[in-house]
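S.K.: Quick one: structure below, then a few questions.
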Amino acid sequence: MSTPGVSDRVIDPMMALAGCSTRQRILVVGAKSMELMMELQRRGYLLAAAAGNCGLPTGQYDVALVDWRRRTLGALDATMDWLDDFLSPRAVLVIWLDAQKSAAKDSLRAAVMKRGFIVLQGAEHPCGSALLARRSQAYPLQKAA
């Protein structure tokens, strides 16, 4: 059973930012990934998986929710490298962090952009902050007429 309040403080704003539907495949990554995945499944997101049960990487996930509370931004690099092959070309990425200083947020944006994502939005919440990004392949360059 989920812990009221704890998962809601993270899941609700992440899901609102990602704009997920129950038909999308969602990969949850982070220390509480199993707990958050079970909460999503309880809410009807039956295609949600945690890092521990996500299968082999075949670009099958439409959304990645990364719960990166109490972890360093430097440690996120290896996770982003691992995560890359699981995400579809049109994937959405939401990263949840503890409240960060402006310089740390800029570093996060740069790291995400370096991996081929376009940062669409950031959001501040009392218990942390979130960043929404989409793969740059989702926005193909328009050919000149």
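In the structure tokens, chains take the letters A, B, ... in the order shown, each chain's residues start at 1, and ligands count up from 1 in the order shown.
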Excluding same-chain residues fewer than 5 positions from range 36-38 of chain A, what lies within 12 Å of it counting only C-alpha atoms, as a PyMOL selection string?
M.R.: chain A and resi 1-12+14-15+25-31+43-54+64-67
S.K.: Which polymer residues have any atom within 7 Å of an atom of Asp85 in chain A, counting only C-alpha atoms, with same-chain residues fewer than 3 positions away left out, as a short mmCIF file (atom, residue, chain, number, x, y, z; two decimals) with all heavy atoms, in the first residue's frame?
M.R.:
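What landed in out-v5.cif:
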data_model
loop_
_atom_site.label_atom_id
_atom_site.label_comp_id
_atom_site.auth_asym_id
_atom_site.auth_seq_id
_atom_site.Cartn_x
_atom_site.Cartn_y
_atom_site.Cartn_z
N PRO A 57 16.52 -3.03 -22.96
CA PRO A 57 16.29 -1.74 -23.62
C PRO A 57 16.02 -1.89 -25.12
O PRO A 57 16.87 -2.37 -25.86
CB PRO A 57 17.58 -0.98 -23.36
CG PRO A 57 18.61 -2.04 -23.15
CD PRO A 57 17.91 -3.21 -22.55
N THR A 58 14.83 -1.47 -25.53
CA THR A 58 14.46 -1.50 -26.95
C THR A 58 13.72 -0.23 -27.36
O THR A 58 12.93 -0.26 -28.30
CB THR A 58 13.58 -2.72 -27.26
OG1 THR A 58 12.39 -2.65 -26.46
CG2 THR A 58 14.30 -4.03 -27.01
N GLY A 59 13.94 0.85 -26.65
CA GLY A 59 13.26 2.10 -26.97
C GLY A 59 11.76 2.03 -26.77
O GLY A 59 10.99 2.68 -27.46
N TRP A 82 22.36 4.97 -19.05
CA TRP A 82 21.61 3.70 -18.98
C TRP A 82 20.19 3.88 -19.53
O TRP A 82 19.69 3.06 -20.29
CB TRP A 82 21.58 3.23 -17.53
CG TRP A 82 20.69 2.05 -17.31
CD1 TRP A 82 21.00 0.73 -17.48
CD2 TRP A 82 19.32 2.09 -16.88
NE1 TRP A 82 19.90 -0.05 -17.18
CE2 TRP A 82 18.86 0.75 -16.81
CE3 TRP A 82 18.44 3.11 -16.54
CZ2 TRP A 82 17.57 0.42 -16.42
CZ3 TRP A 82 17.16 2.78 -16.16
CH2 TRP A 82 16.73 1.45 -16.10
#
S.K.: Enumerate, as number ranges by chain, the complete set of residues in chain A that a backbone-based DSSP assignment places in strand (DSSP E or B).
M.R.: A: 26-30, 48-50, 61-67, 87-97, 117-125, 128-135
S.K.: Could you tell me which of A:Glu124, A:Asp106, A:Asp84, A:Asp98 comes closest to Arg71 in chain A if we count only C-alpha atoms?
M.R.: A:Asp98
S.K.: Please return as an MDAnalysis selection string: the residues of range 10-93 of chain A that backbone DSSP assigns to alpha helix (DSSP H).
M.R.: chainID A and resid 10:18 33:42 73:84
S.K.: How many Å separate CA of Gln41 in chain A from CA of Ala99 in chain A?
M.R.: 27.1 Å
S.K.: Looking at only C-alpha atoms, which of A:Gly122, A:Gly116, A:Gly128, A:Gly74 is the one that sits closest to Gln100 in chain A?
M.R.: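 Ranking A:Gly122, A:Gly116, A:Gly128, A:Gly74 by distance to Gln100 in chain A, first place goes to A:Gly128.
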S.K.: Pick out the closest residue to Thr79 in chain A from this set: A:Arg42, A:His125, A:Arg135, A:Arg115. Count only C-alpha atoms.
M.R.: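 Answer, going by the shortest atom-to-atom distance: A:Arg115.
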S.K.: Expressed in Å to a single decimal, how great is the separation between CA of Leu131 in chain A and CA of Leu93 in chain A?
M.R.: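 Separation of CA of Leu131 in chain A and CA of Leu93 in chain A: 7.9 Å.
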S.K.: Given the choices A:Lys105, A:Arg134, A:Arg90, A:Lys32, which gets closest to Thr72 in chain A if the distance is worked out from only C-alpha atoms?
M.R.: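 Result for the nearest residue to Thr72 in chain A: A:Lys105.
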S.K.: Which residues, written as a VMD selection string, have at least one atom at most 6 Å from Ala133 in chain A, with only C-alpha atoms counted and residues fewer than 4 positions away on the same chain left out?
M.R.: chain A and resid 92 to 93 117 to 120
S.K.: Identify which of the residues A:Leu132, A:Leu40, A:Ala91, A:Met80 lies closest to Gln60 in chain A, counting only C-alpha atoms when measuring atom-to-atom distances.
M.R.: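 Answer, going by the shortest atom-to-atom distance: A:Ala91.
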